[in-house]
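Asks: Quick one: structure below, then a few questions.
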Amino acid sequence: MKRILTLVGLVCLSACGGSGFVPVGSTIEVHPSSIEQSIVGDVCQPISAVVKDSQGRLLVDVRVYVSGAFAYPRTPARYEFHLDANCTSRVSSPFYIETGERGAVFYVRIPAIVGNQQNSFIDRIELRAGDAYATVELRINQ
């Protein structure tokens with residue numbers, strides 16, 4: 001009986017808002033929610049993500065799934081995901097980031113030239129954590 005109560009207590013801790021848990025009704029806030037620009041040189045754009053519960057409280061230690069259809073390792077890749085502000089630590093799509101006290105930040109490197117042509121495309125970056133979902137619209141013009 002003691003083991004069952006201990007197990008129930010552990011399950012409640014993980015299901016009642018423990019580290020990494022994303023309750024139903026949570027949201028992901030992203031900034032910026034869209035990137036629309038004409039580019040003449042390579043761009044390294046930061047994107048921040050914050051996960052909040054249904055009461056608006058920040059959730060930390062949450063793994064957020066990030067993906068983009070036209071991102072590396074697609075060939076030719078229209079953009080790349082990076083983990084640093086200099087856009088030198090490329091990661092393949094999809095990948096995970098973990099939220100901290102201020103949420104999470106990743107970077108999108110958009111090259112001006114792809115395959116010897118000016119880069120121009122429309123795509124959507126998707127972010128997911130539990131049932132929470134957000135997008136960043138990308139509209140890159142010549």
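Note on naming: chains are A, B, ... as they come in the structure tokens, residues start from 1 per chain, ligands start from 1 in the order shown.
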For Asn119 of chain A, find every residue with an atom within 8 Å (counting only C-alpha atoms), except residues of its own chain fewer than 2 positions away, and show them as a list in words.
Replies: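 Surrounding residues, per the criterion: Arg78, Pro111, Ala112, Ile113, Val114, Gln117, Phe121, Ile140, Asn141 and Gln142 of chain A.
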Asks: Deliver the residues from the most recent selection as a file, using C-alpha atoms, as a PDB file, in the first residue's frame.
Replies:
ATOM      1  CA  ARG A  78      16.048  28.413 -47.698  1.00  0.00           C
ATOM      2  CA  PRO A 111      20.932  33.584 -46.726  1.00  0.00           C
ATOM      3  CA  ALA A 112      20.489  36.158 -49.482  1.00  0.00           C
ATOM      4  CA  ILE A 113      21.575  33.692 -52.165  1.00  0.00           C
ATOM      5  CA  VAL A 114      20.444  30.056 -52.470  1.00  0.00           C
ATOM      6  CA  GLN A 117      19.703  32.763 -57.123  1.00  0.00           C
ATOM      7  CA  PHE A 121      10.087  32.058 -50.309  1.00  0.00           C
ATOM      8  CA  ILE A 140      11.191  36.618 -47.824  1.00  0.00           C
ATOM      9  CA  ASN A 141      11.306  38.637 -51.027  1.00  0.00           C
ATOM     10  CA  GLN A 142      13.950  39.591 -53.532  1.00  0.00           C
TER      11      GLN A 142
END
Asks: Would you mind telling me which residue in A:Thr75, A:Gln37, A:Gln55, A:Ser93 lies nearest to Ile125 of chain A when using only C-alpha atoms?
Replies: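 Nearest candidate to Ile125 of chain A out of A:Thr75, A:Gln37, A:Gln55, A:Ser93: A:Ser93.
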Asks: Tell me, which residues of chain A carry DSSP strand (DSSP E), written as a ChimeraX atom specification?
Replies: /A:27-31,34-38,43-52,63-68,80-82,90-91,95-98,104-110,113-114,117-118,121-129,132-141
Asks: Just checking: using only C-alpha atoms, which residue out of A:Val50, A:Val108, A:Leu58, A:Ala77 ends up closest to Tyr133 of chain A?
Replies: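 For Tyr133 of chain A, the nearest of the candidates is A:Val50.
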Asks: Among chain A, which ones does DSSP assign to helix (DSSP H, G or I) (computed from the backbone)? Answer as a short mmCIF file (atom, residue, chain, number, x, y, z; two decimals) with N, CA and C atoms, in the first residue's frame.
Replies:
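The result, stored in part-v2.cif:
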data_model
loop_
_atom_site.label_atom_id
_atom_site.label_comp_id
_atom_site.auth_asym_id
_atom_site.auth_seq_id
_atom_site.Cartn_x
_atom_site.Cartn_y
_atom_site.Cartn_z
N LYS A 2 1.97 1.24 0.76
CA LYS A 2 2.86 2.38 0.84
C LYS A 2 3.49 2.68 -0.52
N ARG A 3 3.85 1.61 -1.26
CA ARG A 3 4.44 1.79 -2.60
C ARG A 3 3.44 2.41 -3.57
N ILE A 4 2.20 1.99 -3.46
CA ILE A 4 1.16 2.54 -4.34
C ILE A 4 0.97 4.03 -4.06
N LEU A 5 0.92 4.43 -2.79
CA LEU A 5 0.77 5.84 -2.45
C LEU A 5 1.97 6.66 -2.92
N THR A 6 3.17 6.11 -2.79
CA THR A 6 4.36 6.80 -3.27
C THR A 6 4.29 6.99 -4.77
N LEU A 7 3.90 5.94 -5.50
CA LEU A 7 3.78 6.01 -6.95
C LEU A 7 2.73 7.03 -7.36
N VAL A 8 1.59 7.03 -6.68
CA VAL A 8 0.53 8.00 -6.97
C VAL A 8 1.04 9.42 -6.74
N GLY A 9 1.80 9.62 -5.66
CA GLY A 9 2.36 10.95 -5.37
C GLY A 9 3.33 11.39 -6.45
N LEU A 10 4.17 10.51 -6.94
CA LEU A 10 5.12 10.86 -8.00
C LEU A 10 4.39 11.19 -9.30
N VAL A 11 3.36 10.41 -9.61
CA VAL A 11 2.58 10.68 -10.82
C VAL A 11 1.92 12.05 -10.71
N CYS A 12 1.37 12.37 -9.54
CA CYS A 12 0.73 13.67 -9.35
C CYS A 12 1.73 14.81 -9.49
N LEU A 13 2.94 14.63 -8.97
CA LEU A 13 3.95 15.68 -9.10
C LEU A 13 4.26 15.96 -10.57
N SER A 14 4.40 14.91 -11.37
CA SER A 14 4.72 15.13 -12.78
C SER A 14 3.51 15.60 -13.57
N ALA A 15 2.32 15.23 -13.14
CA ALA A 15 1.12 15.63 -13.88
C ALA A 15 0.49 16.90 -13.35
#
Asks: What does the structure give for the distance between atom CA of Val30 of chain A and atom CA of Arg102 of chain A, in Å to one decimal?
Replies: 12.1 Å
Asks: Nearest to Val136 of chain A: which of A:Ser54, A:Ser120, A:Asn86, A:Ser48 is it, counting only C-alpha atoms?
Replies: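 Answer, going by the shortest atom-to-atom distance: A:Ser48.
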Asks: Would you kindly return, as a count of residues only, each protein, DNA or RNA residue with an atom no farther than 10 Å from any atom of Cys44 of chain A, considering only C-alpha atoms and excluding same-chain residues fewer than 5 positions away?
Replies: 14
Asks: Out of A:Leu59, A:Ile122, A:Leu83, A:Ala49, which residue has the shortest atom-to-atom distance to Glu29 of chain A when counting only C-alpha atoms?
Replies: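 So, comparing all the options, the nearest one is A:Ala49.
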Asks: Restricting the calculation to only C-alpha atoms, which member of A:Gly130, A:Gly41, A:Gly115, A:Gly20 is positioned closest to Val62 of chain A?
Replies: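 For Val62 of chain A, the nearest of the candidates is A:Gly20.
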Asks: I want to know what sits within 6 Å of segment 137-139 of chain A, based on only C-alpha atoms, with residues of the same chain fewer than 6 positions away left out; could you give that as a ChimeraX atom specification?
Replies: /A:34-36,122-124
